[in-house]
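In what follows, a structure is listed as structure tokens, so that the remarks can point back to it.
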Amino acid sequence: MIDHQWLIDQRDTLRRATDAASVAATSELNDQLSKDPDASDAVLLAVIQEVAERYVRINLEHLPQARLEKAQATLVVNVVLDRQGRSVEVTAQAELGGFLLGGRIPFLGDARPPVEIGAVSGSDTLTSPVEVVLAIDISGSMDWDLAGESGTMNESRMEIVKGAARHLVDILGPDETDRVAIGIVPWNQAVALSPSAAANWARNNWARYPRRRVYGVPYKCEPGGSCTEPNSIEEDLPLVSTTDAWMGCLDGSRMGTAASSRASVPGSDDFFTLPAANPFAQGFFVSTYGAAYSCLEDPLPDDFSGQFCYEGSPASPGQFKISSQVFCGSDFPPILPLSTTEQTIDDAIDALAPRVSGFTYSAVGVLWAQRLLQDTWRTVWGGTVHPVDATLPANKGLRKAIVLLTDGEDTHCGRGNEDCDSSPIGTARSHACEEAKAQGTEIFVVAAMHPDGLGDDFERSLTACSSTSPDSNNKYVFANNSSSEELEAAFADIANQLRTVRRSH
């Protein structure tokens, strides 16, 4: 009986070692395939074999010296790789101590212990359950290369990001059974609904044409000049014409109250209120930096730099008449609500394209990404399953995440605002990130630009937006992206962090 228990202890010791080895080897398999999806089985096996042996040996080091030396001398470790299933099985055999009493008691003198003890463990990779939204910057500079040059023969930031995003989708493997869902929010200073969604929102009175609008900054001053950026102004809007149909764009503005016709930026307590309770303003006249409905009249302010306006001919040099939806357009890639169909998600990624006239306003991307993740918004997006309620017992372990991709500081932070903690036209990125994280959402941030152009202040503000914390082992900030390979590796890293490696047998 004593020897039986002693042999069970030896088996359990080796089993704990193979458990640790299989989990470590499976994690290494994911890392290797993220770096090189086309790596051969021979290359993968060589790397994983070394990891498995190292972890088995580490987990035997607590044995007394004599037993440890015998175990190390007789240890044999084998691995079985399943690259499609992202799993690794580890088998180990070794002599760990034999009998304690067998052979020492006269009537048991002929008893012989097993020469070796064996154990086998397997680990697989799960991606269940998770809901993630890719909030992708589509401002005009996304047409530049990573070094910030435009019109070169180098691959654009947008094309690199699209490839990296497709790789993330491939790793996560969206699937309804496993409850893995992915959404896409293309953003600049606005977002766009699909034509069918826009028609539904208008029909349900969730998006209304405003009659009055608050413009955050009606004109721009010369840099270094004596004038200061003006305070916001409120203007009447013209009657919408029957030929100027709404193209489905929305920014951060809402209608204030159900009966109000005034478009204005909501407070944080109204960020995630359902549009049935508080409609959004249809994005005809988007409030952007240096823009208003009416052109200024002479005399212009000292050190006047420029103004975009919607009415009449330019009154003075630097004033430019633009159409009411110049920042939207029928070719604006629309929001894709959470989907479990990989082809649908890939098609939405393929449709991403920079908007030449678009500015950078990342708070819009963060807030609309969180609205896709809010379980209370399920009826808005028409989903029967997603987004789900993370507080229900059946959804224990569900992770909700936003991947914010941007290629530069917000156009709308305001001068001298190093952390983008305020914005003259509405919600600041820092405020939007804070409110999204308060909902339990993890935020990963990725900079689609060479780190030489990043700047310490911008990197600090991205870190503050992310879910980085002293007690977290996850990596949430990916700023060192000087090549397409590094940017693609960033998305792969995020995907693998959202997956779970577990021991299966």
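Naming works like this for the structure tokens: A, B, ... for the chains as they're shown, residue 1 at the start of each chain, ligands 1 onward in shown order.
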Contact residues around His431 in chain A with only C-alpha atoms at 10 Å, ignoring same-chain residues under 5 positions, as a PDB file with all heavy atoms, in the first residue's frame:
```
ATOM      1  N   SER A 268     -21.385  62.776 -20.272  1.00  0.00           N
ATOM      2  CA  SER A 268     -20.976  61.371 -20.202  1.00  0.00           C
ATOM      3  C   SER A 268     -22.103  60.457 -19.744  1.00  0.00           C
ATOM      4  O   SER A 268     -22.134  59.278 -20.103  1.00  0.00           O
ATOM      5  CB  SER A 268     -19.772  61.216 -19.258  1.00  0.00           C
ATOM      6  OG  SER A 268     -20.086  61.694 -17.963  1.00  0.00           O
ATOM      7  N   ALA A 363     -12.257  60.051 -30.263  1.00  0.00           N
ATOM      8  CA  ALA A 363     -13.333  59.827 -29.291  1.00  0.00           C
ATOM      9  C   ALA A 363     -14.562  59.249 -29.969  1.00  0.00           C
ATOM     10  O   ALA A 363     -15.275  58.417 -29.391  1.00  0.00           O
ATOM     11  CB  ALA A 363     -13.684  61.132 -28.578  1.00  0.00           C
ATOM     12  N   VAL A 366     -14.000  55.487 -30.371  1.00  0.00           N
ATOM     13  CA  VAL A 366     -14.118  54.763 -29.100  1.00  0.00           C
ATOM     14  C   VAL A 366     -15.580  54.647 -28.678  1.00  0.00           C
ATOM     15  O   VAL A 366     -16.054  53.561 -28.291  1.00  0.00           O
ATOM     16  CB  VAL A 366     -13.290  55.455 -28.002  1.00  0.00           C
ATOM     17  CG1 VAL A 366     -13.555  54.809 -26.644  1.00  0.00           C
ATOM     18  CG2 VAL A 366     -11.799  55.382 -28.332  1.00  0.00           C
ATOM     19  N   LEU A 367     -16.316  55.753 -28.731  1.00  0.00           N
ATOM     20  CA  LEU A 367     -17.700  55.738 -28.247  1.00  0.00           C
ATOM     21  C   LEU A 367     -18.600  54.859 -29.111  1.00  0.00           C
ATOM     22  O   LEU A 367     -19.436  54.106 -28.590  1.00  0.00           O
ATOM     23  CB  LEU A 367     -18.246  57.157 -28.185  1.00  0.00           C
ATOM     24  CG  LEU A 367     -17.636  58.048 -27.101  1.00  0.00           C
ATOM     25  CD1 LEU A 367     -18.208  59.455 -27.168  1.00  0.00           C
ATOM     26  CD2 LEU A 367     -17.864  57.452 -25.708  1.00  0.00           C
ATOM     27  N   CYS A 420      -4.759  65.286 -24.850  1.00  0.00           N
ATOM     28  CA  CYS A 420      -6.076  65.246 -25.503  1.00  0.00           C
ATOM     29  C   CYS A 420      -7.178  64.998 -24.472  1.00  0.00           C
ATOM     30  O   CYS A 420      -8.085  64.188 -24.682  1.00  0.00           O
ATOM     31  CB  CYS A 420      -6.126  64.177 -26.596  1.00  0.00           C
ATOM     32  SG  CYS A 420      -7.454  64.465 -27.808  1.00  0.00           S
ATOM     33  N   ASP A 421      -7.057  65.697 -23.321  1.00  0.00           N
ATOM     34  CA  ASP A 421      -8.055  65.510 -22.265  1.00  0.00           C
ATOM     35  C   ASP A 421      -9.205  66.514 -22.376  1.00  0.00           C
ATOM     36  O   ASP A 421     -10.061  66.591 -21.495  1.00  0.00           O
ATOM     37  CB  ASP A 421      -7.399  65.586 -20.888  1.00  0.00           C
ATOM     38  CG  ASP A 421      -6.669  66.902 -20.654  1.00  0.00           C
ATOM     39  OD1 ASP A 421      -6.698  67.767 -21.556  1.00  0.00           O
ATOM     40  OD2 ASP A 421      -6.063  67.063 -19.585  1.00  0.00           O
ATOM     41  N   SER A 422      -9.220  67.281 -23.456  1.00  0.00           N
ATOM     42  CA  SER A 422     -10.362  68.139 -23.759  1.00  0.00           C
ATOM     43  C   SER A 422     -10.379  68.350 -25.267  1.00  0.00           C
ATOM     44  O   SER A 422      -9.396  68.103 -25.949  1.00  0.00           O
ATOM     45  CB  SER A 422     -10.258  69.487 -23.031  1.00  0.00           C
ATOM     46  OG  SER A 422      -9.110  70.197 -23.456  1.00  0.00           O
ATOM     47  N   SER A 423     -11.501  68.798 -25.773  1.00  0.00           N
ATOM     48  CA  SER A 423     -11.625  69.022 -27.208  1.00  0.00           C
ATOM     49  C   SER A 423     -12.577  70.180 -27.451  1.00  0.00           C
ATOM     50  O   SER A 423     -13.659  70.215 -26.864  1.00  0.00           O
ATOM     51  CB  SER A 423     -12.151  67.767 -27.910  1.00  0.00           C
ATOM     52  OG  SER A 423     -12.424  68.042 -29.269  1.00  0.00           O
ATOM     53  N   ALA A 436     -15.597  54.093 -21.565  1.00  0.00           N
ATOM     54  CA  ALA A 436     -15.665  52.737 -22.136  1.00  0.00           C
ATOM     55  C   ALA A 436     -15.078  51.725 -21.160  1.00  0.00           C
ATOM     56  O   ALA A 436     -15.645  50.636 -20.950  1.00  0.00           O
ATOM     57  CB  ALA A 436     -14.937  52.686 -23.471  1.00  0.00           C
ATOM     58  N   CYS A 465      -5.193  56.049 -22.491  1.00  0.00           N
ATOM     59  CA  CYS A 465      -6.454  55.569 -23.062  1.00  0.00           C
ATOM     60  C   CYS A 465      -6.592  54.070 -22.904  1.00  0.00           C
ATOM     61  O   CYS A 465      -7.698  53.556 -22.732  1.00  0.00           O
ATOM     62  CB  CYS A 465      -6.521  55.949 -24.540  1.00  0.00           C
ATOM     63  SG  CYS A 465      -7.896  55.217 -25.454  1.00  0.00           S
TER      64      CYS A 465
END
```
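DSSP annotation of range 298-376 of chain A from backbone atoms: alpha helix (DSSP H) residues are A:Glu342, A:Gln343, A:Thr344, A:Ile345, A:Asp346, A:Asp347, A:Ala348, A:Ile349, A:Asp350, A:Ser362, A:Ala363, A:Val364, A:Gly365, A:Val366, A:Leu367, A:Trp368, A:Ala369, A:Gln370, A:Arg371, A:Leu372, A:Leu373.
For Ile349 in chain A, the non-local neighbours within 9 Å, defined as residues at least 2 positions apart in the same chain or in other chains and counting only C-alpha atoms, are A:Lys162, A:Gly163, A:Ala165, A:Arg166, A:Ile184, A:Thr344, A:Ile345, A:Asp346, A:Asp347, A:Ala351, A:Leu352.
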Those same residues - N, CA, C and O atoms - I'd like them written as a PDB file, in the first residue's frame.
```
ATOM      1  N   LYS A 162      -5.225  46.818 -42.998  1.00  0.00           N
ATOM      2  CA  LYS A 162      -6.237  45.875 -43.473  1.00  0.00           C
ATOM      3  C   LYS A 162      -5.704  44.449 -43.441  1.00  0.00           C
ATOM      4  O   LYS A 162      -6.397  43.510 -43.013  1.00  0.00           O
ATOM      5  N   GLY A 163      -4.455  44.260 -43.849  1.00  0.00           N
ATOM      6  CA  GLY A 163      -3.864  42.927 -43.779  1.00  0.00           C
ATOM      7  C   GLY A 163      -3.718  42.441 -42.357  1.00  0.00           C
ATOM      8  O   GLY A 163      -3.990  41.273 -42.041  1.00  0.00           O
ATOM      9  N   ALA A 165      -5.525  43.400 -39.759  1.00  0.00           N
ATOM     10  CA  ALA A 165      -6.858  43.142 -39.204  1.00  0.00           C
ATOM     11  C   ALA A 165      -7.399  41.798 -39.674  1.00  0.00           C
ATOM     12  O   ALA A 165      -8.014  41.052 -38.889  1.00  0.00           O
ATOM     13  N   ARG A 166      -7.169  41.469 -40.939  1.00  0.00           N
ATOM     14  CA  ARG A 166      -7.621  40.157 -41.437  1.00  0.00           C
ATOM     15  C   ARG A 166      -6.897  39.027 -40.708  1.00  0.00           C
ATOM     16  O   ARG A 166      -7.490  37.962 -40.440  1.00  0.00           O
ATOM     17  N   ILE A 184     -16.669  46.234 -36.701  1.00  0.00           N
ATOM     18  CA  ILE A 184     -15.765  47.196 -37.313  1.00  0.00           C
ATOM     19  C   ILE A 184     -16.382  48.589 -37.213  1.00  0.00           C
ATOM     20  O   ILE A 184     -17.553  48.784 -37.576  1.00  0.00           O
ATOM     21  N   THR A 344     -18.117  38.056 -43.834  1.00  0.00           N
ATOM     22  CA  THR A 344     -18.740  39.370 -43.665  1.00  0.00           C
ATOM     23  C   THR A 344     -17.761  40.347 -43.045  1.00  0.00           C
ATOM     24  O   THR A 344     -17.663  41.510 -43.460  1.00  0.00           O
ATOM     25  N   ILE A 345     -17.018  39.883 -42.047  1.00  0.00           N
ATOM     26  CA  ILE A 345     -16.036  40.736 -41.375  1.00  0.00           C
ATOM     27  C   ILE A 345     -14.905  41.100 -42.329  1.00  0.00           C
ATOM     28  O   ILE A 345     -14.484  42.268 -42.415  1.00  0.00           O
ATOM     29  N   ASP A 346     -14.401  40.113 -43.071  1.00  0.00           N
ATOM     30  CA  ASP A 346     -13.325  40.382 -44.031  1.00  0.00           C
ATOM     31  C   ASP A 346     -13.781  41.365 -45.115  1.00  0.00           C
ATOM     32  O   ASP A 346     -13.005  42.222 -45.553  1.00  0.00           O
ATOM     33  N   ASP A 347     -15.029  41.243 -45.548  1.00  0.00           N
ATOM     34  CA  ASP A 347     -15.549  42.171 -46.560  1.00  0.00           C
ATOM     35  C   ASP A 347     -15.574  43.603 -46.015  1.00  0.00           C
ATOM     36  O   ASP A 347     -15.270  44.562 -46.753  1.00  0.00           O
ATOM     37  N   ALA A 351     -13.342  46.910 -47.366  1.00  0.00           N
ATOM     38  CA  ALA A 351     -13.990  48.156 -47.794  1.00  0.00           C
ATOM     39  C   ALA A 351     -13.369  49.388 -47.147  1.00  0.00           C
ATOM     40  O   ALA A 351     -13.698  50.522 -47.541  1.00  0.00           O
ATOM     41  N   LEU A 352     -12.492  49.207 -46.156  1.00  0.00           N
ATOM     42  CA  LEU A 352     -11.875  50.357 -45.493  1.00  0.00           C
ATOM     43  C   LEU A 352     -11.032  51.151 -46.489  1.00  0.00           C
ATOM     44  O   LEU A 352     -10.280  50.584 -47.283  1.00  0.00           O
TER      45      LEU A 352
END
```
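Remark: for Gly148 in chain A, the closest of the candidate residues A:Cys413, A:Leu63, A:Asp419, A:Asp407 is A:Asp407 (distances computed over only C-alpha atoms).
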Taking only C-alpha atoms into account, produce a table as JSON lines in which each residue of range 163-188 of chain A with an atom at most 10 Å from an atom of range 371-380 of chain A appears once, together with its shortest atom pair and the distance in Å to one decimal, ordered by chain and rising number.
```
{"residue": "A:Ile182", "atom": "CA", "partner": "A:Leu372", "partner_atom": "CA", "distance": 9.7}
{"residue": "A:Gly183", "atom": "CA", "partner": "A:Leu372", "partner_atom": "CA", "distance": 7.3}
{"residue": "A:Ile184", "atom": "CA", "partner": "A:Leu372", "partner_atom": "CA", "distance": 9.0}
{"residue": "A:Val185", "atom": "CA", "partner": "A:Leu372", "partner_atom": "CA", "distance": 8.8}
```
Just write the chosen residues, C-alpha atoms, as a PDB file, in the first residue's frame.
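That gives us selection-v9.pdb:
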```
ATOM      1  CA  ILE A 182     -16.087  40.957 -34.227  1.00  0.00           C
ATOM      2  CA  GLY A 183     -17.335  44.407 -35.245  1.00  0.00           C
ATOM      3  CA  ILE A 184     -15.765  47.196 -37.313  1.00  0.00           C
ATOM      4  CA  VAL A 185     -16.034  50.975 -36.719  1.00  0.00           C
TER       5      VAL A 185
END
```
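Here CA of Ala192 in chain A is placed at a distance of 28.5 Å from CA of His450 in chain A.
Of all the residues in range 191-279 of chain A, the ones DSSP labels as strand (DSSP E) from the backbone are Val191, Ala192, Ala207, Arg208, Arg212, Arg213, Val214, Tyr215, Lys220, Cys221, Ile233, Glu234, Glu235, Asp236, Cys249, Leu250, Arg262 and Ala263 of chain A.
In this comparison, which uses only C-alpha atoms, the residue of A:Pro387, A:Thr13, A:Leu172, A:Thr288 approaching Glu95 in chain A most closely is A:Thr13.
One distance worth recording is that between CA of Lys400 in chain A and CA of Glu131 in chain A, which is 4.8 Å.
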Quick one: residues within 7 Å of range 69-72 of chain A, only C-alpha atoms counted, chain neighbours fewer than 4 positions away excluded, as a PyMOL selection string?
chain A and resi 65+94-96
With all heavy atoms retained, export the selected residues as a JSON list (two decimals), in the first residue's frame.
```
[["chain", "number", "residue", "atom", "x", "y", "z"],
["A", 65, "GLN", "N", 18.31, 15.62, -4.61],
["A", 65, "GLN", "CA", 19.37, 15.60, -5.59],
["A", 65, "GLN", "C", 19.55, 14.24, -6.27],
["A", 65, "GLN", "O", 19.66, 14.16, -7.49],
["A", 65, "GLN", "CB", 20.71, 16.03, -4.94],
["A", 65, "GLN", "CG", 21.85, 16.23, -5.92],
["A", 65, "GLN", "CD", 21.58, 17.34, -6.92],
["A", 65, "GLN", "OE1", 20.90, 18.31, -6.59],
["A", 65, "GLN", "NE2", 22.07, 17.19, -8.14],
["A", 94, "ALA", "N", 10.22, 8.94, -17.15],
["A", 94, "ALA", "CA", 11.46, 9.07, -16.39],
["A", 94, "ALA", "C", 11.41, 8.13, -15.19],
["A", 94, "ALA", "O", 10.33, 7.72, -14.73],
["A", 94, "ALA", "CB", 11.68, 10.50, -15.93],
["A", 95, "GLU", "N", 12.57, 7.78, -14.66],
["A", 95, "GLU", "CA", 12.65, 7.02, -13.42],
["A", 95, "GLU", "C", 12.69, 8.01, -12.28],
["A", 95, "GLU", "O", 13.62, 8.81, -12.15],
["A", 95, "GLU", "CB", 13.92, 6.16, -13.40],
["A", 95, "GLU", "CG", 13.98, 5.23, -12.20],
["A", 95, "GLU", "CD", 15.19, 4.31, -12.24],
["A", 95, "GLU", "OE1", 15.70, 4.05, -13.35],
["A", 95, "GLU", "OE2", 15.61, 3.86, -11.15],
["A", 96, "LEU", "N", 11.68, 7.96, -11.40],
["A", 96, "LEU", "CA", 11.53, 8.97, -10.37],
["A", 96, "LEU", "C", 11.72, 8.44, -8.94],
["A", 96, "LEU", "O", 11.46, 9.18, -7.99],
["A", 96, "LEU", "CB", 10.15, 9.64, -10.47],
["A", 96, "LEU", "CG", 9.89, 10.44, -11.75],
["A", 96, "LEU", "CD1", 8.53, 11.11, -11.67],
["A", 96, "LEU", "CD2", 10.98, 11.46, -11.99]]
```
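CA of Glu435 in chain A is positioned 18.3 Å from CA of Arg460 in chain A.
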Among the residues A:Asp456, A:Glu235, A:Glu488, A:Glu409, the one that comes closest to Pro37 in chain A [using only C-alpha atoms]
A:Glu488
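In terms of minimum interatomic distance to Asn278 in chain A, A:Ala207 ranks closest within A:Ala207, A:Ile402, A:Cys227, A:Ala17, counting only C-alpha atoms.
Distance annotation: of A:Arg67, A:Arg499, A:Lys321, A:Arg157, the residue with the minimal separation from Gly140 in chain A is A:Arg157; atom set is only C-alpha atoms.
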